[in-house]
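Chemist: My questions will all concern the structure given below.
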Amino acid sequence: LKEVRNRISSVGSIMQITSAMKMVSASKLRRAQNTIISLRPYSALFTEVIGKIMASDNDLSNSEYGKREKEEKILLLVLTSNKGLCGGFSSNIIKATKRRIDEIRLKERNAKIEIYSFGKKSSEFFNKQKEISLYGTNDEIWDNFSFENVSAIGNKLMQEYKNKRFDRVEIIYNQFKNSATQILTNEIFLPVQVKSKENNKSNDDKIIFEPSFDEVKNNIIPQSLRNQIYKCFLDSFASEHGARMTAMHLATDNAQNLLKDLKLSYNKARQAAITNEIIEISSGAEALNE
């Protein structure tokens, strides 16, 4: 009985912790979800505007953000979490990154792949992988998450791309769908992806650019890239709290079920012990009467 009481007390304490963590994650998720829902229409409209602009001249071969003839130097941005207790949120990203590395190496054996890790889970994992080169880590981004800090990362990557340090930059992250569902996503950050003119036809016969097309293009592309990388980070941020809230909800439910089973076992054992004591007392009384 003492052992069962100790287990009941332990499970009860764990249930209180998981329930509190669920409420904390739900609060953080609500704020992140409101932000990502507000950002998506802006991002979609931004993409549409850029599509119409590039329909006038979608040849980016001469652009500093255009596609290179050879893509031998590839950087993979890996977005995971600093903390655990969020189900397979981080492990799924790490597995997807390993698969992507294998795909690239299978296609291009001479490709030089580097990892830029955001989150302690991926940083700790890839630090131990000798065959994978680590460009850098920035685990603190999730503790100081803001558009300004993420934009600084985007600016750094754009500069590295212009300096031809990398030929291709991809982002591997969890796209937020709802609190229970995250979509594993591999998105190209650089070079800039522009659809064909046929897919971006505008109703306008002619678009007039002020002050000039080149100046508009050179300003709007970096802004679009900063917006894109912020959306990816925000998706990952919301997905983490959604995954943790779901995991803690399931853990709390499991603790409640376990608590019911333990209490039932405790009551049965206690009842059996009382019954045995009554039988012993009755047997003793009968023996004295005889």
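Chain lettering (A, B, ...) mirrors the order of the structure tokens, residue numbering begins at 1 for each chain separately, and ligand numbering begins at 1 in order of display.
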Which neighbours of Met248 in chain A fall inside 7 Å, counting only C-alpha atoms, when residues of the same chain fewer than 5 positions from it are skipped, and could you give them as an MDAnalysis selection string?
Modeler: chainID A and resid 18:19 21:22
Chemist: When you look at Ile14 in chain A with a cut-off of 12 Å (counting only C-alpha atoms), what residues show up, excluding the ones that are within fewer than 2 positions of it in the same chain? I need them as a list of chain:residue names.
Modeler: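 The filter keeps A:Arg7, A:Ile8, A:Ser9, A:Ser10, A:Val11, A:Gly12, A:Gln16, A:Ile17, A:Thr18, A:Ser19, A:Ala20, A:Met21, A:Met248, A:Ala251, A:Thr252, A:Asp253, A:Asn254, A:Ala255, A:Gln256, A:Leu258, A:Leu259.
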Chemist: Restricting the calculation to only C-alpha atoms, which member of A:Leu76, A:Ser265, A:Phe166, A:Pro191 is positioned closest to Lys98 in chain A?
Modeler: A:Leu76
Chemist: Taking the DSSP secondary structure from the backbone, can you list the residues of range 60-271 of chain A that are strand (DSSP E), as a VMD selection string?
Modeler: chain A and resid 73 to 79 112 to 118 133 to 137 168 to 178 181 to 190
Chemist: Step one, run DSSP on the backbone; step two, keep only residues of range 22-241 of chain A assigned to alpha helix (DSSP H); then write them as a PyMOL selection string.
Modeler: chain A and resi 22-56+89-107+120-127+147-162+213-241
Chemist: What gap, in Å, lies between CA of Pro41 in chain A and CA of Ser151 in chain A?
Modeler: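 CA of Pro41 in chain A sits 19.2 Å away from CA of Ser151 in chain A.
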Chemist: Of the candidates A:Phe89, A:Ser224, A:Leu106, A:Gln193, which one gets nearest to Gly154 in chain A if we count only C-alpha atoms?
Modeler: A:Ser224
Chemist: Separation of CA of Gly119 in chain A and CA of Asp143 in chain A, in Å?
Modeler: 10.1 Å
Chemist: One decimal, Å: what's the distance from CA of Phe209 in chain A over to CA of Thr47 in chain A, could you say?
Modeler: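 Straight-line distance from CA of Phe209 in chain A to CA of Thr47 in chain A works out to 17.4 Å.
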Chemist: Quick one: of A:Gly242, A:Pro222, A:Gly136, A:Gly84, who's nearest to Asn174 in chain A, counting only C-alpha atoms?
Modeler: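 Ranked by minimum distance to Asn174 in chain A, first place goes to A:Gly242.
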